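J.: Attaching a single structure in structure tokens format; questions to follow.
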Amino acid sequence: MKTAHEIIIAGFGGQGVLSMGQIIAYAAMKEGKEVSWMPSYGPEMRGGTANCIVIVSEEKINSPIVSTFDSAIILNQPSLEKFADHVKPGGLILFEESSIINPPSRTDVEKLPVAALEEAQKLNKRQVANMILLGAFLERRPLVAPENVLKALKEVLPERHHHLLPLNEQALLRGKQIALELAHESVL
Amino acid sequence: MEPTSQRVDSSTQAETRLMKGNEALAEAAIRSGMQAYFGYPITPQSEILEYFTAEAPKHNFVVLQAESELAAINMVYGAGGAGARVMTSSSSPGISLMQEGISYMASAEIPCLVVNVQRGGPGLGTIQPAQGDYFQATKGGGHGDYRLLVLAPASVQEMADFVFDGFRLADKYRTPVLILADGALGQMMEKVVLPPSGSLPFIDKPWATTGKPASRERNILTSLHMEPEKMEEINVKLQDKYRKMQQEVRYEVIGAENPEMVIVAFGLTARICLKAIELAKERGIKVALLRPITLYPFPYDAIARLTSTAYAFLTVEMNAGQMVEDVRLAVNGKRPVYFKGRMGGMIPSPEDVLLEIETIAEKQQTTTV
């Protein structure tokens, strides 16, 4: 029986890929699940590449490092090239649309382009693009309940940024809507 | 109705949190009643010093960023000699710098905790995880005939738990204890149940240099003995202690019962191997993992016992082959011992390990046919 969901989140440093992973891990832990969060921690500061592997499981997690994934959340072209082939057949590749010049060509996975940067700009805060992607991801893969995501957000976001909680919540909701609209379009 | 208590100091009870290994280790140290920490920052373990520095104002311990690792370890020597529950932490190159002080403390029998969050080497190396310091950790490290009791965590939970075990064992045997972790364990986040504060008792240390009262002779702690007769006596005493320490050996065996193959791996690598064992099971190969939890003392007997069922042993490490020498000693030529390693900060994948398992299984089939 398969009970684990293995996710890679990858992009440039500063785009919030590590905190997206932490939010998923924290929310899942609140639900009593087993979690692991493994960051790349090289000299990957703002502008460099950054990624994290998040595993959410009903059972004890053996290896926190895996090389194939159920889902990939991709925020730049180099990360797409690195990880697209490592998504399991039937898995999900969710990507920030404007950051990807060559979309994944695979036909055996679900592909979900989300215009997160554009939508974030509409909310007047580029930095919440990651929350839009997270909202869209959780709509397609409801690993954790929305109320726990909000709790996790509060834990992960440093206290000095807590005035931005409502905006982040709005971004999560916007992501969810986008995923729903895209699902609707694909049905039509 | 009784009014419910307004505030409970959360640290007096067990508590579940999502933490990095480095943070969990530091929080556990605070809860263990650690009285002093001396260190010098180095990736991938700088969070330990940062955590202590941030938490110090709320607690009653000394935290000091020394001018170098040499200074830090000698401050540990001083505080430990005065009877304090004291620790330091660093990563591979920094631990090399501390070896002189660690040898002095082993000789003078100073209890303390040293944490090595290993990175790739040799030299300044990389900041990525590695296990290249196994020899250094388990065979002495510094000069002279001494051993450290070495604990090898494999999860964020064990990063926390082994601080308690480490301080307890350090006091019990009057010896430096080493926690041998790696950069991945330090940086990754997992669920951790933190032990409650005040649950690790302090023992009397009548040997400590705390100031001479009129009631006893002065205490002297030193590793310098000019007469070889005296120095040999100290060596005999140390060796006797290391024999007694053998009873602290810890390991776990996970996976197939009556395995045809046994993987021996410690720390993070052990968990990667567990995933490989799962994949091997799907292919009908019965593999078990033996994970040494103490690297010194080493579980020689437990490995030797498995030679009765397993036709082969595989050791997987993030180095060029260090623990495999101890596995070969334990197996003692009865079965072939294979090795798979990655070096310099590279991590073997479960698929890499599976490939080794399959290759060994095929080899076995062709030789038995």
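Residues are named by chain letter and number: chains run A, B, ... in the order of the structure tokens, numbers start at 1 in each chain, and ligands are numbered from 1 in the order shown.
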Within 9 Å of chain A, which residues of chain B are there when counting only C-alpha atoms? Please give them as an MDAnalysis selection string.

T.: chainID B and resid 17:18 20 44 126:128 183:185 187:191 268:276 347 349:351

J.: Those same residues, written as a PDB file, in the first residue's frame with N, CA and C atoms?

T.:
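Below you can see result35.pdb, which holds the result:
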ATOM      1  N   ARG B  17       7.628  19.108  17.959  1.00  0.00           N
ATOM      2  CA  ARG B  17       7.890  20.263  17.102  1.00  0.00           C
ATOM      3  C   ARG B  17       8.466  19.811  15.770  1.00  0.00           C
ATOM      4  N   LEU B  18       8.387  20.689  14.781  1.00  0.00           N
ATOM      5  CA  LEU B  18       9.069  20.468  13.505  1.00  0.00           C
ATOM      6  C   LEU B  18      10.357  21.282  13.564  1.00  0.00           C
ATOM      7  N   LYS B  20      14.845  21.603  12.587  1.00  0.00           N
ATOM      8  CA  LYS B  20      16.070  21.141  11.960  1.00  0.00           C
ATOM      9  C   LYS B  20      16.843  20.302  12.979  1.00  0.00           C
ATOM     10  N   PRO B  44      28.100  22.838   8.146  1.00  0.00           N
ATOM     11  CA  PRO B  44      26.644  22.976   8.258  1.00  0.00           C
ATOM     12  C   PRO B  44      26.078  22.827   9.671  1.00  0.00           C
ATOM     13  N   THR B 126      33.829  20.367   1.271  1.00  0.00           N
ATOM     14  CA  THR B 126      32.591  21.010   0.858  1.00  0.00           C
ATOM     15  C   THR B 126      31.751  21.213   2.112  1.00  0.00           C
ATOM     16  N   ILE B 127      30.565  21.790   1.937  1.00  0.00           N
ATOM     17  CA  ILE B 127      29.679  21.911   3.095  1.00  0.00           C
ATOM     18  C   ILE B 127      28.576  20.854   3.054  1.00  0.00           C
ATOM     19  N   GLN B 128      28.656  19.956   2.068  1.00  0.00           N
ATOM     20  CA  GLN B 128      27.619  18.924   1.917  1.00  0.00           C
ATOM     21  C   GLN B 128      27.893  17.737   2.856  1.00  0.00           C
ATOM     22  N   GLY B 183      25.858  16.727   7.699  1.00  0.00           N
ATOM     23  CA  GLY B 183      25.199  17.966   7.297  1.00  0.00           C
ATOM     24  C   GLY B 183      23.722  17.812   6.976  1.00  0.00           C
ATOM     25  N   ALA B 184      23.349  16.681   6.390  1.00  0.00           N
ATOM     26  CA  ALA B 184      21.940  16.482   6.048  1.00  0.00           C
ATOM     27  C   ALA B 184      21.100  16.364   7.322  1.00  0.00           C
ATOM     28  N   LEU B 185      21.587  15.610   8.294  1.00  0.00           N
ATOM     29  CA  LEU B 185      20.849  15.462   9.559  1.00  0.00           C
ATOM     30  C   LEU B 185      20.749  16.805  10.278  1.00  0.00           C
ATOM     31  N   GLN B 187      20.658  19.802   8.789  1.00  0.00           N
ATOM     32  CA  GLN B 187      19.854  20.774   8.046  1.00  0.00           C
ATOM     33  C   GLN B 187      18.413  20.344   7.830  1.00  0.00           C
ATOM     34  N   MET B 188      18.133  19.043   7.865  1.00  0.00           N
ATOM     35  CA  MET B 188      16.772  18.600   7.550  1.00  0.00           C
ATOM     36  C   MET B 188      15.830  18.837   8.724  1.00  0.00           C
ATOM     37  N   MET B 189      14.535  18.947   8.378  1.00  0.00           N
ATOM     38  CA  MET B 189      13.519  19.114   9.410  1.00  0.00           C
ATOM     39  C   MET B 189      12.678  17.845   9.498  1.00  0.00           C
ATOM     40  N   GLU B 190      12.389  17.458  10.727  1.00  0.00           N
ATOM     41  CA  GLU B 190      11.477  16.350  10.972  1.00  0.00           C
ATOM     42  C   GLU B 190      10.728  16.647  12.257  1.00  0.00           C
ATOM     43  N   LYS B 191       9.735  15.813  12.468  1.00  0.00           N
ATOM     44  CA  LYS B 191       8.982  15.885  13.715  1.00  0.00           C
ATOM     45  C   LYS B 191       9.902  15.404  14.835  1.00  0.00           C
ATOM     46  N   LEU B 268      22.464   8.813   8.376  1.00  0.00           N
ATOM     47  CA  LEU B 268      21.562   9.085   7.254  1.00  0.00           C
ATOM     48  C   LEU B 268      21.600   7.949   6.236  1.00  0.00           C
ATOM     49  N   THR B 269      22.797   7.405   5.987  1.00  0.00           N
ATOM     50  CA  THR B 269      22.954   6.352   4.991  1.00  0.00           C
ATOM     51  C   THR B 269      22.083   5.142   5.318  1.00  0.00           C
ATOM     52  N   ALA B 270      21.933   4.848   6.603  1.00  0.00           N
ATOM     53  CA  ALA B 270      21.115   3.714   7.019  1.00  0.00           C
ATOM     54  C   ALA B 270      19.674   3.887   6.527  1.00  0.00           C
ATOM     55  N   ARG B 271      19.197   5.121   6.563  1.00  0.00           N
ATOM     56  CA  ARG B 271      17.808   5.365   6.135  1.00  0.00           C
ATOM     57  C   ARG B 271      17.667   5.241   4.627  1.00  0.00           C
ATOM     58  N   ILE B 272      18.685   5.674   3.908  1.00  0.00           N
ATOM     59  CA  ILE B 272      18.662   5.521   2.452  1.00  0.00           C
ATOM     60  C   ILE B 272      18.647   4.026   2.109  1.00  0.00           C
ATOM     61  N   CYS B 273      19.417   3.246   2.872  1.00  0.00           N
ATOM     62  CA  CYS B 273      19.471   1.799   2.651  1.00  0.00           C
ATOM     63  C   CYS B 273      18.120   1.141   2.940  1.00  0.00           C
ATOM     64  N   LEU B 274      17.390   1.666   3.920  1.00  0.00           N
ATOM     65  CA  LEU B 274      16.077   1.097   4.227  1.00  0.00           C
ATOM     66  C   LEU B 274      15.150   1.195   3.030  1.00  0.00           C
ATOM     67  N   LYS B 275      15.221   2.319   2.343  1.00  0.00           N
ATOM     68  CA  LYS B 275      14.413   2.504   1.133  1.00  0.00           C
ATOM     69  C   LYS B 275      14.850   1.482   0.069  1.00  0.00           C
ATOM     70  N   ALA B 276      16.158   1.291  -0.056  1.00  0.00           N
ATOM     71  CA  ALA B 276      16.678   0.321  -1.031  1.00  0.00           C
ATOM     72  C   ALA B 276      16.225  -1.094  -0.674  1.00  0.00           C
ATOM     73  N   ILE B 347      25.701  12.022  -1.887  1.00  0.00           N
ATOM     74  CA  ILE B 347      24.874  11.103  -1.106  1.00  0.00           C
ATOM     75  C   ILE B 347      24.432   9.956  -2.008  1.00  0.00           C
ATOM     76  N   SER B 349      22.034   7.282  -3.630  1.00  0.00           N
ATOM     77  CA  SER B 349      20.575   7.241  -3.724  1.00  0.00           C
ATOM     78  C   SER B 349      20.113   5.813  -3.429  1.00  0.00           C
ATOM     79  N   PRO B 350      18.836   5.649  -3.039  1.00  0.00           N
ATOM     80  CA  PRO B 350      18.310   4.299  -2.810  1.00  0.00           C
ATOM     81  C   PRO B 350      18.516   3.414  -4.044  1.00  0.00           C
ATOM     82  N   GLU B 351      18.426   4.006  -5.241  1.00  0.00           N
ATOM     83  CA  GLU B 351      18.599   3.235  -6.478  1.00  0.00           C
ATOM     84  C   GLU B 351      20.049   2.749  -6.626  1.00  0.00           C
TER      85      GLU B 351
END

J.: Can you tell me which residues surround range 171-187 of chain A at a distance of at most 12 Å, considering only C-alpha atoms, apart from same-chain residues fewer than 5 positions away, and format the answer as a count of residues only?

T.: 46

J.: Name the residues in contact with Trp207 in chain B at a cut-off of 9 Å, using only C-alpha atoms, excluding same-chain residues fewer than 5 positions from it; report them as a PDB file with C-alpha atoms, in the first residue's frame.

T.:
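This is the output file part.pdb:
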ATOM      1  CA  GLY B  81      37.233  20.013  34.762  1.00  0.00           C
ATOM      2  CA  ALA B  82      35.227  22.291  37.037  1.00  0.00           C
ATOM      3  CA  GLY B  83      32.381  19.766  36.843  1.00  0.00           C
ATOM      4  CA  ASN B 219      42.020  17.881  43.123  1.00  0.00           C
ATOM      5  CA  ILE B 220      44.394  17.873  40.184  1.00  0.00           C
ATOM      6  CA  LEU B 221      43.310  17.246  36.601  1.00  0.00           C
TER       7      LEU B 221
END

J.: I need the residues in range 99-161 of chain A that are strand (DSSP E or B) according to DSSP; give them as a PyMOL selection string.

T.: chain A and resi 110-114

J.: Quick one: everything within 10 Å of Ile101 in chain A, counting only C-alpha atoms, minus sequence neighbours fewer than 4 positions away in the same chain. Send it as an MDAnalysis selection string.

T.: chainID A and resid 76:77 97

J.: Would you save the residues of that selection, restricted to C-alpha atoms, as a compact mmCIF listing (two decimals), in the first residue's frame?

T.:
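Output file result.txt follows:
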# COMPACT_ATOMS: atom_id res chain seq x y z
CA ASN A 76 12.50 28.15 -12.98
CA GLN A 77 13.74 26.59 -16.21
CA GLU A 97 4.13 29.73 -16.21
